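The next block holds one structure in the form of structure tokens; read it before the comments.
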Amino acid sequence: MTPTYYLVLSGVLFTIGTIGVLVRRNAIVVFMCIELMLNAVNLTLVTFSRINGGLDGQIMAFFVMVVAAAEVVVGLAIITSIFRTRRSASVDDSNLLKY
Amino acid sequence: MTTPASLPDIDYAGVAPVLIILGAACIGVLLEAFVPRSQRWAVQVVLSLLAIVVAAIALGAYLYTGPQNTSTFAGSIALDRPALFLWGTLLALGLGSILLIADRVVEPGGAFVAQAGIRPGTMLDKEQANRSSMQTEVFPLALFSLAGMMIFCSANDLLSMFVALEVLSLPLYLMCGLARRRRLLSQEAAVKYFLLGAFASAFFLYGVALLYGYANSVKLADIANAAGGTNRSDALLFLGMGLLLIGLLFKGSVGPFHTWTPDVYQGAPTPMTAFMGACTKVAAFGAILRVLMVAFGSTHWEWQTIMWVVAGISMLLGAILGITQTDVKRMIAYSSVAHAGFLLVGVLALDGSGIRATLFYLISYGFTTIAAFGVVSLVRDGTGESTSLSSWAGLGKRSPLLAGIFTFLLLALAGIPLTSGFVSKFVVFAAGMSAGITPLVVLGLIASTIAAFFYLRVIVLMYFSEPAADGPTVTLPGMYTTAAITLGTLVTLLLGVYPSFMLDWAGTGGFVV
């Protein structure tokens with residue numbers, strides 16, 4: 001059980017999340033990918049907490065969860081309001097602001 | 001791990017300004033539930049303005065009587081001179097922004113939507129546009145955001161900084177989507193700002209996690225200690241630092257991380273754009289300054305070249321793309337990207353004169369921005385604000401006073417003598433020169449020359465072209481907007497003519513470790 005494997009896993013999860021944000025078109029899916037990135041961070045924090053032998057990392061993971069929950073509230077409100085207006089949650093359709 | 005946790009000492013007098021703003025924001029949320037709709041606006045305005053004034057008094061009292069350069073909450077919140085200076089700046093700029101938000105004369109009912117739940121484009125929406133009420137939750141949201149900014153620029157560990165980052169950002173995302181007119185644009189701005197902002201804060205957070213792995217602590221001082229002479233992996237340190245800085249530079253709309261800036265500035269309601277443009281910039285650069293100097297100051301030889309490149313890209317991108325803009329708000333947005341590059345020159349001096357120059361730049365830029373957006377909100381046609389540059393033609397003939405003020409503000413943004421813009425550019429570039437980053441300073445001078453072109457183009461447009469027959473009208477501003485524009489313009493003039501007292505205040509001390 002080498003803790004380093006978990007760091008690699010969290011790096012992979014973070015990368016998958018990043019790629020998801022960049023290539024997916026549905027705002028909800030983009031948002032879920034951001035949540036995946038945050039959870040990858042949680043795994044990193046807990047793993048480092050184990051490697052370094054302190055509890056700080058685990059406490060920080062709780063903070064991250066709380067903030068992520070608050071972000072969901074705000075994010076879904078915004079995405080819902082734009083979906084009600086346009087009948088679509090695609091980020092490609094929001095293209096009035098440019099140049 | 002077996003010792004029971006004990007409460008850290010809290011310097012209540014020191015953090016009183018933040019607590020007052022946060023408390024007023026909570027009371028504001030309660031008022032929304034209990035005060036009848038017709039009275040909410042008046043109550044919220046009084047509460048917000050009162051909170052800012054009382055917080056400023058508490059800050060002043062602490063400055064005179066409190067100890068110097070301490071930190072509280074077990075070292076999480078720094079109460080050093082730069083932090084207190086930035087708090088004062090944020091409170092002053094917050095006051096100006098609240099005044100702009102509170103105005104109900106320019107746009108009948110205020111710049112914010114009467115009921116955010118109504119679908120844009122429907123009959124109900126047309127009806128709400130003429131209603132004389134507004135979504136008064138904006139005031140507590142703005143106060144929450146302001147308190148988050150104050151914590152953000154005084155946070156001495158990365159966890160507090162992250163929480164503050166979210167406290168300042170989440171209300172901003174919401175407020176961007178609440179414009180009364182052009183609601184599609186406004187909602188689009190909110191979605192873009194939210195998705196990109198959350199993306200950037202995920203990067204910030206991964207950076208925090210890697211730095212925690214590196215130093216076994218997220219305190220800035222511990223990171224600096226760990227970086228000074230150990231055999232730990234530098235990969236963790238610099239990867240973490242890079243990711244952390246992506247999040248911070250995004251908030252400051254610097255260089256290649258600026259893509260949200262023009263869209264959000266254009267789509268958001270104008271008082272909100274003023275708040276974002278002035279206050280977020282102050283908070284973000286306060287945090288960048290602290291992180292770079294306290295946590296990474298000891299390793300600056302390793303990373304400073306990359307930051308020079310970022311600063312250069314930011315200046316040139318802002319200046320060159322600003323030329324091609326046809327919308328006033330987008331133009332000021334690109335100008336803010338260029339200004340972020342100039343600010344980074346001051347930060348990258350990494351010494352006392354750099355801190356002083358950056359703090360001075362922030363306060364003078366903030367006031368100029370608030371006044372400029374105040375003026376932008378006054379030029380209107382039948383459908384709302386008329387921000388397209390072509391409609392500003394001949395404004396000097398139609399409304400000499402307004403055109404005169406806007407000319408003065410544009411000259412300040414361009415950095416012409418006798419305005420605060422000149423002094424702030426001068427001190428920033430002087431700090432850069434004495435720290436030996438001459439190439440960047442030269443690049444900065446070139447970029448300000450390019451940027452001067454698009455400011456002067458607006459001036460030429462206002463004075464030397466004929467007004468269009470069906471052009472926009474200049475609305476007579478109400479008391480609040482007049483106060484905000486006057487405040488911004490007077491500070492811009494005062495800091496341009498007599499800057500020494502503010503420079504003295506800005507230069508009274510460095511960061512607490």
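Labels used: A, B, ... for chains in the order of the structure tokens, numbers from 1 for residues in each chain, and numbers from 1 for ligands as shown.
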ask   = Residues at most 8 Å from region 65-74 of chain A, counting only C-alpha atoms, excluding those fewer than 6 positions away in the same chain, as a PyMOL selection string?
value = (chain A and resi 35+38) or (chain B and resi 163+166+170+173-174+198)
inquiry  = Among region 75-245 of chain B, which ones does DSSP assign to alpha helix (DSSP H) (computed from the backbone)? Answer as a ChimeraX atom specification.
reply    = /B:81-102,123-130,138-152,158-176,183-215,220-227,234-245
key: Spatial neighbours of region 362-376 of chain B, 8 Å, only C-alpha atoms, chain gap at least 6 places, as JSON, numbers by chain   = {"B": [89, 93, 96, 97, 100, 270, 271, 273, 274, 275, 277, 278, 279, 281, 282, 328, 329, 343, 385, 387, 402, 406, 409, 410, 412, 413, 420, 421, 424, 481, 484, 485, 486, 487, 488, 489, 491, 492, 495]}
Export of prior selection with N, CA and C atoms as a tab-separated table (two decimals), in the first residue's frame:
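Done, and the output landed in selection-v2.tsv:
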chain	number	residue	atom	x	y	z
B	89	THR	N	-8.64	50.71	1.53
B	89	THR	CA	-8.92	50.88	0.12
B	89	THR	C	-10.22	50.19	-0.27
B	93	LEU	N	-13.56	51.94	-1.75
B	93	LEU	CA	-14.08	51.58	-3.06
B	93	LEU	C	-15.45	50.91	-2.93
B	96	GLY	N	-18.05	53.57	-2.71
B	96	GLY	CA	-18.37	54.09	-4.05
B	96	GLY	C	-19.26	53.13	-4.82
B	97	SER	N	-18.96	51.83	-4.75
B	97	SER	CA	-19.74	50.85	-5.52
B	97	SER	C	-21.16	50.76	-4.98
B	100	LEU	N	-23.20	53.47	-6.35
B	100	LEU	CA	-23.64	53.22	-7.73
B	100	LEU	C	-24.77	52.19	-7.76
B	270	THR	N	-23.80	47.61	-14.91
B	270	THR	CA	-22.65	48.51	-14.81
B	270	THR	C	-22.17	48.78	-13.38
B	271	PRO	N	-23.05	48.98	-12.39
B	271	PRO	CA	-22.53	49.16	-11.02
B	271	PRO	C	-21.72	47.96	-10.55
B	273	THR	N	-20.03	45.95	-12.59
B	273	THR	CA	-18.76	46.00	-13.30
B	273	THR	C	-17.79	46.91	-12.56
B	274	ALA	N	-18.32	48.04	-12.05
B	274	ALA	CA	-17.46	48.96	-11.30
B	274	ALA	C	-16.92	48.27	-10.05
B	275	PHE	N	-17.81	47.57	-9.35
B	275	PHE	CA	-17.40	46.86	-8.12
B	275	PHE	C	-16.33	45.83	-8.43
B	277	GLY	N	-14.41	45.60	-11.18
B	277	GLY	CA	-13.20	46.19	-11.74
B	277	GLY	C	-12.32	46.79	-10.67
B	278	ALA	N	-12.93	47.46	-9.69
B	278	ALA	CA	-12.13	48.14	-8.68
B	278	ALA	C	-11.74	47.19	-7.55
B	279	CYS	N	-12.74	46.58	-6.89
B	279	CYS	CA	-12.46	45.87	-5.64
B	279	CYS	C	-11.79	44.51	-5.86
B	281	LYS	N	-9.86	43.62	-8.22
B	281	LYS	CA	-8.47	43.87	-8.58
B	281	LYS	C	-7.64	44.11	-7.31
B	282	VAL	N	-8.16	44.95	-6.41
B	282	VAL	CA	-7.44	45.25	-5.17
B	282	VAL	C	-7.18	43.97	-4.38
B	328	VAL	N	-17.61	50.44	-25.09
B	328	VAL	CA	-16.86	51.15	-24.04
B	328	VAL	C	-16.49	50.21	-22.89
B	329	LYS	N	-17.46	49.38	-22.47
B	329	LYS	CA	-17.18	48.53	-21.32
B	329	LYS	C	-16.10	47.50	-21.64
B	343	LEU	N	0.64	46.58	-12.89
B	343	LEU	CA	0.65	46.29	-11.46
B	343	LEU	C	1.65	45.19	-11.14
B	385	GLU	N	-28.50	51.19	-21.39
B	385	GLU	CA	-27.23	51.88	-21.60
B	385	GLU	C	-26.78	51.74	-23.04
B	387	THR	N	-23.63	51.47	-24.87
B	387	THR	CA	-22.19	51.34	-24.64
B	387	THR	C	-21.39	51.26	-25.92
B	402	LEU	N	-20.14	66.17	-18.68
B	402	LEU	CA	-19.93	64.73	-18.61
B	402	LEU	C	-18.75	64.32	-19.48
B	406	PHE	N	-15.29	62.50	-18.29
B	406	PHE	CA	-14.84	61.23	-18.87
B	406	PHE	C	-13.48	61.39	-19.52
B	409	LEU	N	-10.93	61.20	-16.82
B	409	LEU	CA	-10.74	59.83	-16.34
B	409	LEU	C	-9.95	59.00	-17.34
B	410	LEU	N	-10.24	59.20	-18.65
B	410	LEU	CA	-9.49	58.45	-19.67
B	410	LEU	C	-8.02	58.85	-19.64
B	412	ALA	N	-6.47	59.82	-17.04
B	412	ALA	CA	-5.91	59.17	-15.86
B	412	ALA	C	-5.55	57.72	-16.17
B	413	LEU	N	-6.46	57.02	-16.90
B	413	LEU	CA	-6.17	55.63	-17.24
B	413	LEU	C	-4.95	55.56	-18.16
B	420	SER	N	-3.93	60.82	-11.14
B	420	SER	CA	-3.33	59.79	-10.30
B	420	SER	C	-2.70	58.69	-11.15
B	421	GLY	N	-3.22	58.51	-12.38
B	421	GLY	CA	-2.68	57.47	-13.26
B	421	GLY	C	-1.21	57.68	-13.56
B	424	SER	N	0.86	56.84	-10.36
B	424	SER	CA	0.93	55.42	-10.04
B	424	SER	C	1.82	54.69	-11.05
B	481	THR	N	-25.35	58.37	-7.75
B	481	THR	CA	-24.37	58.27	-8.82
B	481	THR	C	-23.50	59.52	-8.86
B	484	ALA	N	-20.86	59.15	-6.29
B	484	ALA	CA	-19.82	58.19	-6.65
B	484	ALA	C	-18.87	58.76	-7.69
B	485	ILE	N	-19.44	59.42	-8.73
B	485	ILE	CA	-18.58	59.98	-9.78
B	485	ILE	C	-17.71	61.08	-9.21
B	486	THR	N	-18.32	61.95	-8.37
B	486	THR	CA	-17.55	63.05	-7.79
B	486	THR	C	-16.41	62.52	-6.93
B	487	LEU	N	-16.74	61.53	-6.09
B	487	LEU	CA	-15.71	60.93	-5.22
B	487	LEU	C	-14.55	60.41	-6.07
B	488	GLY	N	-14.88	59.58	-7.08
B	488	GLY	CA	-13.83	58.99	-7.92
B	488	GLY	C	-13.00	60.03	-8.62
B	489	THR	N	-13.67	61.06	-9.18
B	489	THR	CA	-12.94	62.07	-9.94
B	489	THR	C	-12.06	62.90	-9.02
B	491	VAL	N	-10.73	62.06	-6.10
B	491	VAL	CA	-9.57	61.30	-5.64
B	491	VAL	C	-8.55	61.17	-6.76
B	492	THR	N	-9.03	60.95	-7.99
B	492	THR	CA	-8.11	60.86	-9.12
B	492	THR	C	-7.30	62.14	-9.27
B	495	LEU	N	-4.92	62.64	-5.95
B	495	LEU	CA	-3.74	61.79	-5.94
B	495	LEU	C	-2.79	62.14	-7.09
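Near Ile34 (chain A), within 7 Å and counting only C-alpha atoms, sit Gly17, Val21, Val30, Phe31, Met37 and Leu38 of chain A; Ala198, Phe199 and Ala202 of chain B, not including residues fewer than 3 positions from it in the same chain.
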Spatial neighbours of region 79-87 of chain A, 10 Å, only C-alpha atoms, chain gap at least 3 places, as a CSV table (one decimal) with N, CA, C and O atoms, in the first residue's frame:
chain,number,residue,atom,x,y,z
A,27,ALA,N,-23.3,22.6,-19.9
A,27,ALA,CA,-22.9,23.3,-18.7
A,27,ALA,C,-22.9,22.4,-17.5
A,27,ALA,O,-22.0,22.5,-16.6
A,28,ILE,N,-23.9,21.6,-17.4
A,28,ILE,CA,-24.0,20.7,-16.2
A,28,ILE,C,-22.8,19.7,-16.1
A,28,ILE,O,-22.2,19.5,-15.1
A,31,PHE,N,-19.7,21.4,-15.2
A,31,PHE,CA,-19.7,21.7,-13.8
A,31,PHE,C,-19.4,20.4,-13.0
A,31,PHE,O,-18.6,20.5,-12.0
A,74,VAL,N,-24.9,28.0,-5.9
A,74,VAL,CA,-24.8,29.2,-6.8
A,74,VAL,C,-24.8,28.7,-8.3
A,74,VAL,O,-25.5,29.3,-9.1
A,75,GLY,N,-24.0,27.7,-8.6
A,75,GLY,CA,-23.8,27.3,-9.9
A,75,GLY,C,-25.1,26.8,-10.6
A,75,GLY,O,-25.5,27.2,-11.7
A,76,LEU,N,-25.8,25.9,-9.8
A,76,LEU,CA,-27.0,25.4,-10.4
A,76,LEU,C,-28.1,26.4,-10.6
A,76,LEU,O,-28.8,26.4,-11.5
A,90,SER,N,-26.3,24.1,-23.3
A,90,SER,CA,-25.0,24.0,-24.0
A,90,SER,C,-24.2,25.3,-23.9
A,90,SER,O,-24.8,26.4,-24.1
A,91,VAL,N,-22.9,25.2,-23.6
A,91,VAL,CA,-22.1,26.4,-23.5
A,91,VAL,C,-21.8,27.0,-24.8
A,91,VAL,O,-21.4,28.1,-24.9
A,93,ASP,N,-24.2,27.6,-27.0
A,93,ASP,CA,-25.3,28.5,-27.4
A,93,ASP,C,-25.1,29.9,-26.7
A,93,ASP,O,-25.8,30.8,-27.2
A,94,SER,N,-24.4,30.0,-25.7
A,94,SER,CA,-24.2,31.3,-25.0
A,94,SER,C,-23.1,32.1,-25.8
A,94,SER,O,-21.9,32.0,-25.4
B,116,ALA,N,-35.6,38.2,-10.3
B,116,ALA,CA,-34.6,37.4,-11.1
B,116,ALA,C,-35.3,36.2,-11.7
B,116,ALA,O,-34.8,35.6,-12.7
B,117,GLY,N,-36.4,35.7,-11.1
B,117,GLY,CA,-36.9,34.4,-11.5
B,117,GLY,C,-37.7,34.5,-12.8
B,117,GLY,O,-38.0,33.5,-13.5
B,118,ILE,N,-38.1,35.8,-13.2
B,118,ILE,CA,-38.9,35.9,-14.5
B,118,ILE,C,-38.0,35.6,-15.7
B,118,ILE,O,-36.9,36.0,-15.8
B,119,ARG,N,-38.6,34.9,-16.6
B,119,ARG,CA,-37.9,34.5,-17.8
B,119,ARG,C,-37.7,35.7,-18.8
B,119,ARG,O,-38.7,36.4,-19.0
B,120,PRO,N,-36.5,36.0,-19.2
B,120,PRO,CA,-36.3,37.1,-20.1
B,120,PRO,C,-37.1,37.0,-21.4
B,120,PRO,O,-37.3,35.9,-21.9
B,121,GLY,N,-37.5,38.1,-22.0
B,121,GLY,CA,-38.2,38.1,-23.2
B,121,GLY,C,-39.7,37.9,-23.1
B,121,GLY,O,-40.4,38.0,-24.1
B,122,THR,N,-40.2,37.6,-22.0
B,122,THR,CA,-41.7,37.3,-21.9
B,122,THR,C,-42.4,38.7,-21.5
B,122,THR,O,-41.8,39.7,-21.3
B,177,GLY,N,-25.5,38.2,-13.0
B,177,GLY,CA,-26.6,37.8,-13.8
B,177,GLY,C,-27.9,38.6,-13.5
B,177,GLY,O,-28.9,38.1,-13.9
B,183,ARG,N,-31.0,41.1,-20.4
B,183,ARG,CA,-30.8,40.0,-19.4
B,183,ARG,C,-30.2,38.8,-20.0
B,183,ARG,O,-29.5,38.1,-19.3
B,184,LEU,N,-30.3,38.6,-21.3
B,184,LEU,CA,-29.6,37.5,-21.9
B,184,LEU,C,-28.1,37.6,-21.8
B,184,LEU,O,-27.4,36.7,-21.4
B,186,SER,N,-26.6,39.4,-19.6
B,186,SER,CA,-26.2,39.4,-18.2
B,186,SER,C,-26.1,37.9,-17.7
B,186,SER,O,-25.1,37.6,-17.1
B,187,GLN,N,-27.1,37.1,-18.1
B,187,GLN,CA,-27.1,35.7,-17.6
B,187,GLN,C,-25.9,35.0,-18.3
B,187,GLN,O,-25.3,34.2,-17.6
B,188,GLU,N,-25.6,35.3,-19.5
B,188,GLU,CA,-24.5,34.7,-20.2
B,188,GLU,C,-23.2,35.0,-19.5
B,188,GLU,O,-22.3,34.2,-19.3
B,190,ALA,N,-22.9,35.7,-16.4
B,190,ALA,CA,-22.8,35.0,-15.1
B,190,ALA,C,-22.4,33.6,-15.3
B,190,ALA,O,-21.5,33.1,-14.6
B,191,VAL,N,-22.9,32.9,-16.3
B,191,VAL,CA,-22.5,31.5,-16.6
B,191,VAL,C,-21.1,31.4,-16.9
B,191,VAL,O,-20.3,30.6,-16.4
B,194,PHE,N,-19.0,32.1,-13.8
B,194,PHE,CA,-19.1,31.1,-12.9
B,194,PHE,C,-18.2,29.9,-13.3
B,194,PHE,O,-17.4,29.4,-12.5
B,195,LEU,N,-18.4,29.4,-14.6
B,195,LEU,CA,-17.7,28.2,-15.0
B,195,LEU,C,-16.2,28.4,-15.0
B,195,LEU,O,-15.4,27.6,-14.5
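Each of B:Arg290, B:Arg380, B:Lys219, B:Lys425 was checked against chain A using only C-alpha atoms; the smallest atom-to-atom distance is that of B:Lys219.
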request  = For Thr47 (chain A), list every protein, DNA or RNA residue within 10 Å, evaluated using only C-alpha atoms, and leave out those in the same chain fewer than 6 positions away; present the list as a ChimeraX atom specification.
outcome  = /A:3-7,10,41,53,57-58 /B:209,213
Okay, now the selection with N, CA, C and O atoms, as a tab-separated table (two decimals), in the first residue's frame?
chain	number	residue	atom	x	y	z
A	3	PRO	N	1.37	4.99	-0.45
A	3	PRO	CA	0.48	6.15	-0.60
A	3	PRO	C	0.70	6.89	-1.91
A	3	PRO	O	-0.21	7.57	-2.39
A	4	THR	N	1.88	6.75	-2.50
A	4	THR	CA	2.17	7.49	-3.73
A	4	THR	C	1.18	7.15	-4.84
A	4	THR	O	0.85	8.00	-5.67
A	5	TYR	N	0.71	5.88	-4.86
A	5	TYR	CA	-0.26	5.49	-5.88
A	5	TYR	C	-1.49	6.39	-5.85
A	5	TYR	O	-2.07	6.74	-6.88
A	6	TYR	N	-1.90	6.77	-4.61
A	6	TYR	CA	-3.09	7.61	-4.49
A	6	TYR	C	-2.84	8.99	-5.07
A	6	TYR	O	-3.73	9.62	-5.63
A	7	LEU	N	-1.58	9.46	-4.93
A	7	LEU	CA	-1.26	10.76	-5.54
A	7	LEU	C	-1.38	10.67	-7.06
A	7	LEU	O	-1.91	11.58	-7.71
A	10	SER	N	-5.01	10.62	-7.95
A	10	SER	CA	-5.65	11.93	-7.87
A	10	SER	C	-5.20	12.82	-9.02
A	10	SER	O	-6.00	13.60	-9.56
A	41	VAL	N	-8.62	16.87	-5.63
A	41	VAL	CA	-7.85	17.63	-4.65
A	41	VAL	C	-8.04	17.04	-3.26
A	41	VAL	O	-7.08	16.90	-2.50
A	53	GLY	N	1.84	12.64	8.13
A	53	GLY	CA	1.51	12.33	9.51
A	53	GLY	C	0.88	13.46	10.29
A	53	GLY	O	1.09	13.59	11.48
A	57	GLY	N	-4.51	18.01	6.61
A	57	GLY	CA	-5.03	17.71	5.28
A	57	GLY	C	-6.46	17.21	5.33
A	57	GLY	O	-7.28	17.57	4.48
A	58	GLN	N	-6.75	16.39	6.34
A	58	GLN	CA	-8.12	15.86	6.43
A	58	GLN	C	-9.11	16.96	6.77
A	58	GLN	O	-10.22	17.02	6.24
B	209	ALA	N	-3.03	21.96	-2.33
B	209	ALA	CA	-2.79	20.58	-1.89
B	209	ALA	C	-1.34	20.18	-2.12
B	209	ALA	O	-0.71	19.56	-1.25
B	213	GLY	N	1.52	19.18	0.62
B	213	GLY	CA	2.37	17.99	0.57
B	213	GLY	C	3.84	18.34	0.68
B	213	GLY	O	4.63	17.62	1.30
ask   = Quick one, how far is CA of Gly240 (chain B) from CA of Phe257 (chain B)?
value = 17.2 Å
key: Shell of 10 Å around Asp92 (chain A), only C-alpha atoms, local chain residues under 4 positions omitted, as a PyMOL selection string   = chain A and resi 24-27+88
